[in-house]
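Q: This is the structure I want to talk about, given as structure tokens.
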Number of protein chains: 2
Amino acid sequence: MCKLSKHNYLIIILIFVQITLFSCTNNSSIQPQEGTDSSHPKLVLTQKGVQTIRKNLGNIPLFDETLAIVKEEIDAEIIAGIQVPIPKDLSGGYTHEQHKKNFLMMQKAGVLYQILDDDTYAEYVKNMLFEYAEMYPKLPVHPQTRSYARGKLFWQCLNDSNWLVYSSQAYDCIYNYLSEEERTVLESDLFRPFADFISKGNPQFFNRVHNHSTWGNVAVGMIALVMDDDSLLQKALYGLKTDNLQKGMKDNDGGFIQTEGQKVGFFANLDEPFSPDGYYTEGPYYQRYAMYPFLIFAEALHNNRPDLNIFQYKDSVLLKGVDALINLSDADGEFFTLNDAQKGMSYYSKSLVSSVDIAYHFGGNNPELLSIAEKQHKVTLDDAGFAVALGIKEGKAKPFDKKSIELSDGANGDEGAVGILRSGPMELVYKYSAHGLSHGHFDKLSYSLFDDGEEVVQDYGLARYVNIEQKGGGNYLKENKTWAKQTIAHNTIVQNENSHFQGKYEIGSKHHSEKYLFSVDDKNLKVASAKEENAYPGTQLHRTMVTIKDEDYPNPYVLDIMKVTSNKTNQYDLPFYYLGQIMQTSFDYTKLDTPQIFGKSNGYQHLFKEAQVVSNGKNLKLNWLLNNKFYSYSSVTSKNDEIILARIGANDPAYNLRSEPALILRKKDTKDFVFASIIESHGTYSPVSEFAVNAYSNINNISVVSDSKAYTAIQIETNNNKTRVFVISNINNDPEKEHQATINSQEITWKGAYTLIEK
Amino acid sequence: MCKLSKHNYLIIILIFVQITLFSCTNNSSIQPQEGTDSSHPKLVLTQKGVQTIRKNLGNIPLFDETLAIVKEEIDAEIIAGIQVPIPKDLSGGYTHEQHKKNFLMMQKAGVLYQILDDDTYAEYVKNMLFEYAEMYPKLPVHPQTRSYARGKLFWQCLNDSNWLVYSSQAYDCIYNYLSEEERTVLESDLFRPFADFISKGNPQFFNRVHNHSTWGNVAVGMIALVMDDDSLLQKALYGLKTDNLQKGMKDNDGGFIQTEGQKVGFFANLDEPFSPDGYYTEGPYYQRYAMYPFLIFAEALHNNRPDLNIFQYKDSVLLKGVDALINLSDADGEFFTLNDAQKGMSYYSKSLVSSVDIAYHFGGNNPELLSIAEKQHKVTLDDAGFAVALGIKEGKAKPFDKKSIELSDGANGDEGAVGILRSGPMELVYKYSAHGLSHGHFDKLSYSLFDDGEEVVQDYGLARYVNIEQKGGGNYLKENKTWAKQTIAHNTIVQNENSHFQGKYEIGSKHHSEKYLFSVDDKNLKVASAKEENAYPGTQLHRTMVTIKDEDYPNPYVLDIMKVTSNKTNQYDLPFYYLGQIMQTSFDYTKLDTPQIFGKSNGYQHLFKEAQVVSNGKNLKLNWLLNNKFYSYSSVTSKNDEIILARIGANDPAYNLRSEPALILRKKDTKDFVFASIIESHGTYSPVSEFAVNAYSNINNISVVSDSKAYTAIQIETNNNKTRVFVISNINNDPEKEHQATINSQEITWKGAYTLIEK
């Protein structure tokens, strides 16, 4: 116990008063929290982190390698000199690409200054920032008028926000290098007006829930933290208090700016689009894009506002988001194409490098993340990247075990899901989610299939060549709306040649599919099942997708059961977007002399009909070759069904679409029907040995042996003399429920919603 | 000095008499040569080799690895049991594939018996051979009637010959394991009738110059060596003395069986199709196929008939052939598609493993071959493979330096050539050869272009899916003749919609193009030039292809000058088979509502016209994307030329053709014209970073600034403000000749057939 003298008491009281006074006079500044340090850098790099990194330079291989590459890049840029052109071009064009390059270079140079303690880099950042500070006050809005929220440096505020997210970090790194006067110039001529322009100046951009506004919020939040401006930080976290936005306003993609009672700001963007499983409703392509601002800002908040417990927010949704993203990638790390998504985007992207590093460092050092970082073979040059490189050096990495996983959609996880069935080399991506905001496609209960990282049955993705200026400035092409978003562009049911929800975002965004079953405990039998009742009012769609591993065959096959029930007769089309070259079909098609346009609207105008045949009622079988593998599609048909061989590319005046094939099974004048199909990857070909191995399907027959309101049963006969029947309850998904049914005159009993019996 | 007693003299005389008697009574047997050993194995493996291999087992990594893999394969086959089905199927079908597998397994099992000294393997070979000996005498000709020379085990004698080439080796390996009685049964019931059937029984197959007969000759020769049957060996080496073949007979591919005064047999097959440079006139795809019998038999002859000096024959043409083949492969080791050729065939094929090993062992231990063997990562399990594995172990491998090379065609090297220009990552394959026997295409002066191992401007190859039974039994499809062989399917001039030589083999096979220039000493300027005067009588084609490396650009660009001169007006089409997706064109095309069939015959019936435009007389420019690289094609046009965007696939009732694009420049009513174009690989795209780098062409303009009988001059303006003029003499290719010409009012002088001047 210690005793205080009166004198001591007085001192303590005086200190207290002083602190209180300081608080009152600086009520717009951010309070340094216990254990943090208000001096710079403090945003992403920290003073403590920099000390540790400097001490270990040369000893942590992956960190050192990344550092050497970045240093080489920036040294070359410094020699090349600074270019800050007057903004003019769309993405892909010179000024766009130059400003984009500039912010990336500044961020890296800032980091180099801190790590290498070499003023050259600080000077480079400073000079570039001053060129921007010189130009910015005079800039009008960007001359390109395509965006609903035009920026100043770029054609859209989105890219301006990108700029600020990165340059905030650069500014933080050289903060102490600058004089107070210099900081004043930069903040008053550049950063504050910049932050104001993308927030107050563009509420339709800033005050919404969308990946755009995430970037906007974070940009403002990051510079607020650097400048110690709490009022600006509040805007970032909770949005503008007033925005005077008209209800029903839409962006360029047709997405609503706001909905009724919309919350806005960073937290709203975290609450709403993320499900409790970490799935981001726009899909992995945009999640990947959004992860960077989400996580870099989370890191900055963690460092400066630990009171917000940001990484624990919503049951650690940001950390879950990183896991979700990795699980949403194929064997090569490329993201599944859900909604608007460009193929080839992968966890090798910059934003995933930082996401993985941050999730490792702030999320409990999961060693599986280290194996992803090993593949990425680079780390962020900061505390998180250092921790990862150290973990790898210490041999802690473990393989990332990608799971069969159901990722719920919706803020509360109750708006459907994406189910991924993994079995052997096959990855089935089944979508029964919500719409996905303005980037959503009208493809309820659609799927795509991957074999060892190669897409075999495809989701078309977006109609856009991102940042390729030749193609509409690198922006969304009109075919994205007329083709890519339409239902017929996907592997799901189209009723009467209309898209789901009439192709209207206003309707589609109000609905979601319903999860029914997701059961993956048996490695030889995995089931995902879901229902959709709103896409076509009066029509119920219930699709069940199953992977079945037969010990006699190397790969599992996929059973697809699409049960359609309607209150009226309709025409149903079920497209099948296989990729590859037809080897053989079971049906005798006749090719048209010249391809004909398949339909008038809703995407049908973009398909050519190349061949057609009327079914004889037997199974249709399509055998094709892709990347030296043999695949087969076997499907139940009825007599007089139409089978159409089609190709994408009609009404495509600028070759914006890819010329790729499809098979469409068309049923006319039908109320209820069960589309039952099997997809197999059964064989291989080598152009070197010229051996064809298992070139033919193993499926002798597939048939619907029973279908009622209560049960659907599909019989599968394989060429190893096995006959199996898959039975599913259509109305009770309780895993404990005992069922009894007569299938093919045979009475069977089982527990749970489905069973696979061998006859 | 030693003295012989009378007694000794007598003994020597007696021995001499005995030898002479032996020689007389066995005059059909092969004489063991000095330094060889007549005991088995002696064909490919030798007793001495086996001893060395056994001694070193476990010490030569690549040999041991290959051995382990082969052992695992054969052990599994032995467990699976022997299947020798009654022949029934075409290639791709069960019986075909089983018999094919059997001969491969027998050969390997024989080798294992020798190396591992384990009777299990000898017993396996013996049992299988006896099953064949049991079945063979009862076999009729194969039930499939498609071939001009039906086999017994297979639908064509070709495959029967394959069988015998391999099973001879197996027989040789277990020769000493068998009793004399067993050997008698096998020889009298199987090997002799087998050899007779594919020779005397099928002279139309055996007595010709073709890869088929090479296999036939070698099969007979191999078994002759094992059985020590010189009379059979003579047939193999020099053909049947009488064959009663009618003149003008053709095979299934339309090739002549024989021509006037045709020599036949193994030596004739070595003399005629191989040029002195080792180029095989059918092209690398068939050369690869033929190399195995050529080289394996050469090895066997070397071991048993060293007097023939087979590896030195025709200035070591067989060894040169291996070098030629490797030079005829792209950066990934895949062979360029010349004539009938399936894409993807590469130096990883079995026959190239043995070719490389044999060429190394018997051809002076070229260390560059070791680097190819390292990539192949397997060796033959014999003396040659052992030598290679040892060389690799000893670190002797050196990179194989693929060259810009001109490989002459024709037995005497005077029937044109194939010229390969290599510059940076670009490989240009320019064909100005002879027809290529029955596998030749009608594509004089055609070319294809590769970028880092990826085909960018394609040669279509064959219309066939080799050994894929679903596609016409895996055999040539009718589209091979109606499309793949036709001129319009290639990147060369078509006059009046007719193929070269009227598409007639009878005419085409009599002619060849003429070499004009091949100059590759300057790494920044490489030139290949050739002329064709017979494809269209009265019309002269002179094409010059140039790679130009400008220091300002990372990749060289390709200049293509096709000078056409005729004695009448014609329509000329120059197709350009780019692979990839159109990004942008300089011309405003209008797509047809639906594709239209482009023409009636000569391959035109297989093209769809998708779009067309009439040229404004400026350069046409096509900018496209393939595998995330940007390419451009810039071409001189005249006002009113037609530019057609086309796609392969019309009149293709069974989806036998690949749906791939083309651009066709069409000139009507023209006598003389210079088609001048530039192909660039100028930029890259990353779907991960989404950066597009150098997406646009660097060529501002290309123009023909001068054209006369004597000289043609092409001016190239690039976006680095350089203007260059390439001038070529059209009539004098002497590298020492001094030229003087006025180009664009400027007088220039230079030495040699061409020059590139910078203005």
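Here, A, B, ... name the chains of the structure tokens in the order displayed, residue numbers run from 1 inside each chain, and ligands are numbered from 1 in the same displayed order.
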Pull out every residue of chain A that has at least one atom within 9 Å of chain B, counting only C-alpha atoms, and report them as a count of residues only.

A: 55

Q: Identify, on the basis of only C-alpha atoms, every residue whose closest approach to region 717-732 of chain A does not exceed 8 Å; exclude the query and any residue fewer than 4 positions from it along the same chain; express the result as a list in words.

A: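 The residues satisfying every condition are Asp552, Asn698, Ile699, Asn700, Asn701, Ile702, Lys709, Ala710, Tyr711, Thr712, Ala713, Lys737, Ala753, Tyr754, Thr755, Leu756, Ile757, Glu758 and Lys759 of chain A.
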
Q: Excluding region 484-492 of chain A and its own-chain neighbours fewer than 6 positions away, which residues fall within 7 Å of it when counting only C-alpha atoms? Please give them as a ChimeraX atom specification.

A: /A:441-443,445-447,459-463,499-500,503,574-577,602-604

Q: Output the selection as a short mmCIF file (atom, residue, chain, number, x, y, z; two decimals), in the first residue's frame - N, CA and C atoms for each residue.

A:
```cif
data_model
loop_
_atom_site.label_atom_id
_atom_site.label_comp_id
_atom_site.auth_asym_id
_atom_site.auth_seq_id
_atom_site.Cartn_x
_atom_site.Cartn_y
_atom_site.Cartn_z
N HIS A 441 -27.91 -11.90 -60.64
CA HIS A 441 -28.46 -12.46 -61.88
C HIS A 441 -29.79 -13.15 -61.57
N PHE A 442 -30.60 -13.28 -62.61
CA PHE A 442 -31.92 -13.89 -62.43
C PHE A 442 -31.81 -15.40 -62.65
N ASP A 443 -31.17 -16.05 -61.70
CA ASP A 443 -30.86 -17.47 -61.90
C ASP A 443 -31.09 -18.28 -60.63
N LEU A 445 -31.79 -21.18 -58.27
CA LEU A 445 -31.54 -22.62 -58.30
C LEU A 445 -30.62 -23.03 -59.46
N SER A 446 -29.75 -22.13 -59.83
CA SER A 446 -28.80 -22.46 -60.89
C SER A 446 -27.55 -23.11 -60.30
N TYR A 447 -26.73 -23.67 -61.17
CA TYR A 447 -25.50 -24.30 -60.67
C TYR A 447 -24.39 -24.22 -61.71
N ASP A 459 -21.26 -21.27 -65.49
CA ASP A 459 -22.01 -20.05 -65.28
C ASP A 459 -21.32 -19.02 -66.16
N TYR A 460 -22.08 -18.33 -67.02
CA TYR A 460 -21.46 -17.45 -68.02
C TYR A 460 -20.63 -16.33 -67.40
N GLY A 461 -21.07 -15.88 -66.21
CA GLY A 461 -20.37 -14.73 -65.61
C GLY A 461 -20.90 -13.43 -66.17
N LEU A 462 -20.10 -12.39 -66.12
CA LEU A 462 -20.58 -11.09 -66.58
C LEU A 462 -20.25 -10.90 -68.05
N ALA A 463 -20.90 -9.93 -68.67
CA ALA A 463 -20.55 -9.54 -70.04
C ALA A 463 -19.78 -8.23 -69.94
N SER A 499 -37.71 -14.46 -67.99
CA SER A 499 -36.73 -14.61 -66.91
C SER A 499 -37.43 -14.63 -65.57
N HIS A 500 -36.74 -15.14 -64.58
CA HIS A 500 -37.27 -15.12 -63.21
C HIS A 500 -37.64 -13.68 -62.83
N GLY A 503 -37.43 -10.65 -64.93
CA GLY A 503 -36.16 -9.97 -65.15
C GLY A 503 -36.11 -8.61 -64.49
N LEU A 574 -34.83 -26.11 -69.96
CA LEU A 574 -33.72 -26.32 -69.02
C LEU A 574 -32.41 -26.34 -69.82
N PRO A 575 -31.68 -25.24 -69.78
CA PRO A 575 -30.41 -25.18 -70.54
C PRO A 575 -29.29 -25.88 -69.78
N PHE A 576 -28.35 -26.35 -70.55
CA PHE A 576 -27.21 -27.05 -69.98
C PHE A 576 -25.96 -26.51 -70.68
N TYR A 577 -25.23 -25.66 -70.00
CA TYR A 577 -24.09 -24.97 -70.62
C TYR A 577 -22.80 -25.74 -70.43
N ASN A 602 -35.44 -11.49 -73.55
CA ASN A 602 -35.06 -12.14 -72.28
C ASN A 602 -33.82 -13.01 -72.42
N GLY A 603 -32.94 -12.62 -73.30
CA GLY A 603 -31.69 -13.36 -73.50
C GLY A 603 -31.77 -14.34 -74.65
N TYR A 604 -32.98 -14.80 -74.99
CA TYR A 604 -33.13 -15.76 -76.09
C TYR A 604 -32.63 -15.18 -77.41
#
```

Q: So that I can check the surroundings of Leu370 (chain A), please list as a ChimeraX atom specification every protein, DNA and RNA residue that reaches within 7 Å of it, counting only C-alpha atoms and ignoring chain neighbours fewer than 3 positions away.

A: /A:367,373-374,388,392,397-398

Q: To one decimal place, how far is CA of Met249 (chain A) from CA of Leu90 (chain A) in Å?

A: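 Rounded to one decimal, the two atoms are 23.7 Å apart.
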
Q: Leaving out Ala290 (chain A) and any residue of its chain fewer than 6 positions from it, which residues lie within 9 Å of it when counting only C-alpha atoms, given as a list in words?

A: Asn211, His212, Thr214, Trp215 and Ser351 of chain A

Q: Using the selection just defined, write its residues with all heavy atoms as an mmCIF file, in the first residue's frame.

A:
```
data_model
loop_
_atom_site.group_PDB
_atom_site.id
_atom_site.type_symbol
_atom_site.label_atom_id
_atom_site.label_comp_id
_atom_site.auth_asym_id
_atom_site.auth_seq_id
_atom_site.Cartn_x
_atom_site.Cartn_y
_atom_site.Cartn_z
ATOM 1 N N ASN A 211 -20.919 -2.246 -52.654
ATOM 2 C CA ASN A 211 -19.456 -2.235 -52.564
ATOM 3 C C ASN A 211 -18.898 -0.849 -52.873
ATOM 4 O O ASN A 211 -17.853 -0.462 -52.361
ATOM 5 C CB ASN A 211 -18.816 -3.332 -53.437
ATOM 6 C CG ASN A 211 -18.926 -3.050 -54.912
ATOM 7 O OD1 ASN A 211 -18.287 -2.133 -55.417
ATOM 8 N ND2 ASN A 211 -19.713 -3.831 -55.630
ATOM 9 N N HIS A 212 -19.621 -0.061 -53.693
ATOM 10 C CA HIS A 212 -19.177 1.309 -53.965
ATOM 11 C C HIS A 212 -19.070 2.107 -52.670
ATOM 12 O O HIS A 212 -18.063 2.748 -52.384
ATOM 13 C CB HIS A 212 -20.178 2.018 -54.891
ATOM 14 C CG HIS A 212 -20.080 1.577 -56.312
ATOM 15 N ND1 HIS A 212 -20.746 2.200 -57.331
ATOM 16 C CD2 HIS A 212 -19.397 0.561 -56.902
ATOM 17 C CE1 HIS A 212 -20.480 1.594 -58.483
ATOM 18 N NE2 HIS A 212 -19.667 0.598 -58.242
ATOM 19 N N THR A 214 -18.997 1.078 -49.653
ATOM 20 C CA THR A 214 -17.991 0.549 -48.734
ATOM 21 C C THR A 214 -16.655 1.236 -48.986
ATOM 22 O O THR A 214 -15.994 1.719 -48.063
ATOM 23 C CB THR A 214 -17.840 -0.970 -48.916
ATOM 24 O OG1 THR A 214 -19.099 -1.589 -48.636
ATOM 25 C CG2 THR A 214 -16.781 -1.529 -47.974
ATOM 26 N N TRP A 215 -16.286 1.281 -50.241
ATOM 27 C CA TRP A 215 -15.037 1.965 -50.584
ATOM 28 C C TRP A 215 -15.088 3.435 -50.161
ATOM 29 O O TRP A 215 -14.115 3.976 -49.625
ATOM 30 C CB TRP A 215 -14.764 1.873 -52.089
ATOM 31 C CG TRP A 215 -14.103 0.587 -52.492
ATOM 32 C CD1 TRP A 215 -14.710 -0.514 -52.999
ATOM 33 C CD2 TRP A 215 -12.704 0.279 -52.429
ATOM 34 N NE1 TRP A 215 -13.792 -1.495 -53.256
ATOM 35 C CE2 TRP A 215 -12.543 -1.035 -52.920
ATOM 36 C CE3 TRP A 215 -11.578 0.978 -52.003
ATOM 37 C CZ2 TRP A 215 -11.297 -1.661 -53.005
ATOM 38 C CZ3 TRP A 215 -10.329 0.365 -52.084
ATOM 39 C CH2 TRP A 215 -10.196 -0.951 -52.581
ATOM 40 N N SER A 351 -6.085 -8.064 -53.069
ATOM 41 C CA SER A 351 -6.959 -7.872 -51.914
ATOM 42 C C SER A 351 -7.050 -9.147 -51.084
ATOM 43 O O SER A 351 -7.304 -9.089 -49.892
ATOM 44 C CB SER A 351 -8.340 -7.402 -52.355
ATOM 45 O OG SER A 351 -8.957 -8.382 -53.141
#
```

Q: Report, in Å to a single decimal, how far apart CA of Cys173 (chain A) and CA of Leu45 (chain A) are.

A: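 These two atoms are separated by 7.8 Å.
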
Q: Hey, which of B:Lys393, B:Lys504, B:Arg543, B:Lys403 ends up closest to Tyr430 (chain B)? Count only C-alpha atoms.

A: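 For Tyr430 (chain B), the nearest of the given residues is B:Arg543.
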
Q: Just how far from CA of Tyr572 (chain B) is CA of Glu642 (chain B), in Å to one decimal?

A: 10.4 Å

Q: For Phe501 (chain B), list every protein, DNA or RNA residue within 9 Å, evaluated using only C-alpha atoms, and leave out those in the same chain fewer than 4 positions away; present the list as a list in words.

A: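 The neighbour list is Phe442, Tyr505, Glu506, Ile507, Gly508, Asn534, Ala535, Tyr536 and Pro537 of chain B.
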
Q: Pick out each residue of region 367-470 of chain B that DSSP on the backbone tags as alpha helix (DSSP H); I need them as a ChimeraX atom specification.

A: /B:367-376,383-393

Q: Check the smallest atom-to-atom distance from each of A:His542, A:Lys510, A:Lys247, A:His302 to His361 (chain A) using only C-alpha atoms, then report the winner.

A: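 Once distances to His361 (chain A) are computed over only C-alpha atoms, the minimum belongs to A:His302.
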
Q: Would you mind listing what lies within 9 Å of Tyr292 (chain B) as a compact mmCIF listing (two decimals) with all heavy atoms, in the first residue's frame, with only C-alpha atoms counted and same-chain residues fewer than 2 positions away left out?

A:
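Below is the file that was written, selection-v9.txt:
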```
# COMPACT_ATOMS: atom_id res chain seq x y z
N TRP B 215 6.24 -49.20 -90.93
CA TRP B 215 5.86 -50.09 -89.82
C TRP B 215 5.87 -51.55 -90.28
O TRP B 215 6.36 -52.45 -89.59
CB TRP B 215 4.49 -49.73 -89.27
CG TRP B 215 4.54 -48.61 -88.27
CD1 TRP B 215 4.30 -47.29 -88.50
CD2 TRP B 215 4.84 -48.70 -86.87
NE1 TRP B 215 4.44 -46.56 -87.34
CE2 TRP B 215 4.77 -47.41 -86.32
CE3 TRP B 215 5.18 -49.76 -86.02
CZ2 TRP B 215 5.01 -47.14 -84.98
CZ3 TRP B 215 5.41 -49.49 -84.67
CH2 TRP B 215 5.34 -48.19 -84.16
N GLN B 287 6.07 -37.99 -88.67
CA GLN B 287 7.48 -38.30 -88.42
C GLN B 287 7.63 -38.89 -87.02
O GLN B 287 8.31 -39.90 -86.83
CB GLN B 287 8.34 -37.05 -88.56
CG GLN B 287 9.83 -37.33 -88.27
CD GLN B 287 10.75 -36.25 -88.78
OE1 GLN B 287 10.31 -35.26 -89.35
NE2 GLN B 287 12.04 -36.42 -88.58
N ARG B 288 6.97 -38.26 -86.06
CA ARG B 288 7.00 -38.77 -84.68
C ARG B 288 6.53 -40.22 -84.66
O ARG B 288 7.12 -41.08 -84.02
CB ARG B 288 6.07 -37.88 -83.84
CG ARG B 288 5.70 -38.34 -82.47
CD ARG B 288 4.48 -39.23 -82.35
NE ARG B 288 3.43 -38.99 -83.34
CZ ARG B 288 2.38 -39.77 -83.48
NH1 ARG B 288 2.23 -40.86 -82.74
NH2 ARG B 288 1.46 -39.51 -84.39
N TYR B 289 5.48 -40.52 -85.42
CA TYR B 289 4.92 -41.86 -85.43
C TYR B 289 5.90 -42.83 -86.09
O TYR B 289 6.07 -43.97 -85.65
CB TYR B 289 3.60 -41.82 -86.20
CG TYR B 289 2.82 -43.12 -86.21
CD1 TYR B 289 2.41 -43.71 -85.01
CD2 TYR B 289 2.48 -43.73 -87.41
CE1 TYR B 289 1.67 -44.87 -85.01
CE2 TYR B 289 1.74 -44.90 -87.42
CZ TYR B 289 1.34 -45.47 -86.22
OH TYR B 289 0.62 -46.63 -86.24
N ALA B 290 6.55 -42.36 -87.14
CA ALA B 290 7.45 -43.23 -87.89
C ALA B 290 8.80 -43.37 -87.19
O ALA B 290 9.52 -44.35 -87.42
CB ALA B 290 7.65 -42.67 -89.30
N PHE B 294 11.54 -46.65 -87.26
CA PHE B 294 12.83 -46.35 -87.90
C PHE B 294 13.98 -46.56 -86.92
O PHE B 294 14.96 -47.23 -87.22
CB PHE B 294 12.87 -44.90 -88.40
CG PHE B 294 12.29 -44.71 -89.78
CD1 PHE B 294 11.19 -43.89 -90.00
CD2 PHE B 294 12.87 -45.35 -90.87
CE1 PHE B 294 10.66 -43.73 -91.26
CE2 PHE B 294 12.34 -45.18 -92.15
CZ PHE B 294 11.23 -44.37 -92.35
N LEU B 295 13.85 -45.99 -85.75
CA LEU B 295 14.98 -45.99 -84.84
C LEU B 295 15.13 -47.31 -84.09
O LEU B 295 16.24 -47.74 -83.81
CB LEU B 295 14.88 -44.80 -83.87
CG LEU B 295 15.22 -43.47 -84.51
CD1 LEU B 295 14.93 -42.32 -83.56
CD2 LEU B 295 16.68 -43.42 -84.94
N ILE B 296 14.02 -47.93 -83.75
CA ILE B 296 14.15 -49.18 -83.01
C ILE B 296 14.75 -50.26 -83.94
O ILE B 296 15.56 -51.08 -83.51
CB ILE B 296 12.78 -49.61 -82.41
CG1 ILE B 296 13.01 -50.52 -81.20
CG2 ILE B 296 11.88 -50.29 -83.40
CD1 ILE B 296 13.44 -49.80 -79.97
N PHE B 297 14.35 -50.19 -85.20
CA PHE B 297 14.91 -51.14 -86.15
C PHE B 297 16.38 -50.80 -86.44
O PHE B 297 17.22 -51.69 -86.58
CB PHE B 297 14.08 -51.14 -87.44
CG PHE B 297 14.43 -52.26 -88.39
CD1 PHE B 297 14.65 -53.56 -87.95
CD2 PHE B 297 14.51 -52.01 -89.76
CE1 PHE B 297 14.95 -54.59 -88.85
CE2 PHE B 297 14.81 -53.03 -90.67
CZ PHE B 297 15.04 -54.32 -90.20
N LYS B 350 5.85 -41.47 -76.35
CA LYS B 350 6.67 -42.66 -76.19
C LYS B 350 7.74 -42.77 -77.29
O LYS B 350 8.90 -43.06 -77.02
CB LYS B 350 5.72 -43.86 -76.29
CG LYS B 350 6.16 -45.11 -75.65
CD LYS B 350 4.94 -46.03 -75.41
CE LYS B 350 3.87 -45.96 -76.47
NZ LYS B 350 3.96 -46.82 -77.61
N SER B 351 7.30 -42.51 -78.52
CA SER B 351 8.24 -42.74 -79.62
C SER B 351 9.37 -41.71 -79.58
O SER B 351 10.46 -41.97 -80.07
CB SER B 351 7.53 -42.71 -80.96
OG SER B 351 6.96 -41.45 -81.19
N LEU B 352 9.10 -40.56 -79.01
CA LEU B 352 10.19 -39.58 -78.90
C LEU B 352 11.10 -39.88 -77.73
O LEU B 352 12.29 -39.52 -77.75
CB LEU B 352 9.62 -38.15 -78.80
CG LEU B 352 9.57 -37.39 -80.11
CD1 LEU B 352 10.95 -36.90 -80.51
CD2 LEU B 352 8.96 -38.21 -81.21
N SER B 354 12.02 -42.91 -76.94
CA SER B 354 13.01 -43.85 -77.48
C SER B 354 13.87 -43.16 -78.53
O SER B 354 15.08 -43.42 -78.61
CB SER B 354 12.32 -45.09 -78.06
OG SER B 354 11.46 -44.74 -79.09
N SER B 355 13.31 -42.26 -79.34
CA SER B 355 14.12 -41.58 -80.35
C SER B 355 15.25 -40.79 -79.72
O SER B 355 16.39 -40.84 -80.17
CB SER B 355 13.24 -40.62 -81.18
OG SER B 355 12.23 -41.32 -81.84
```
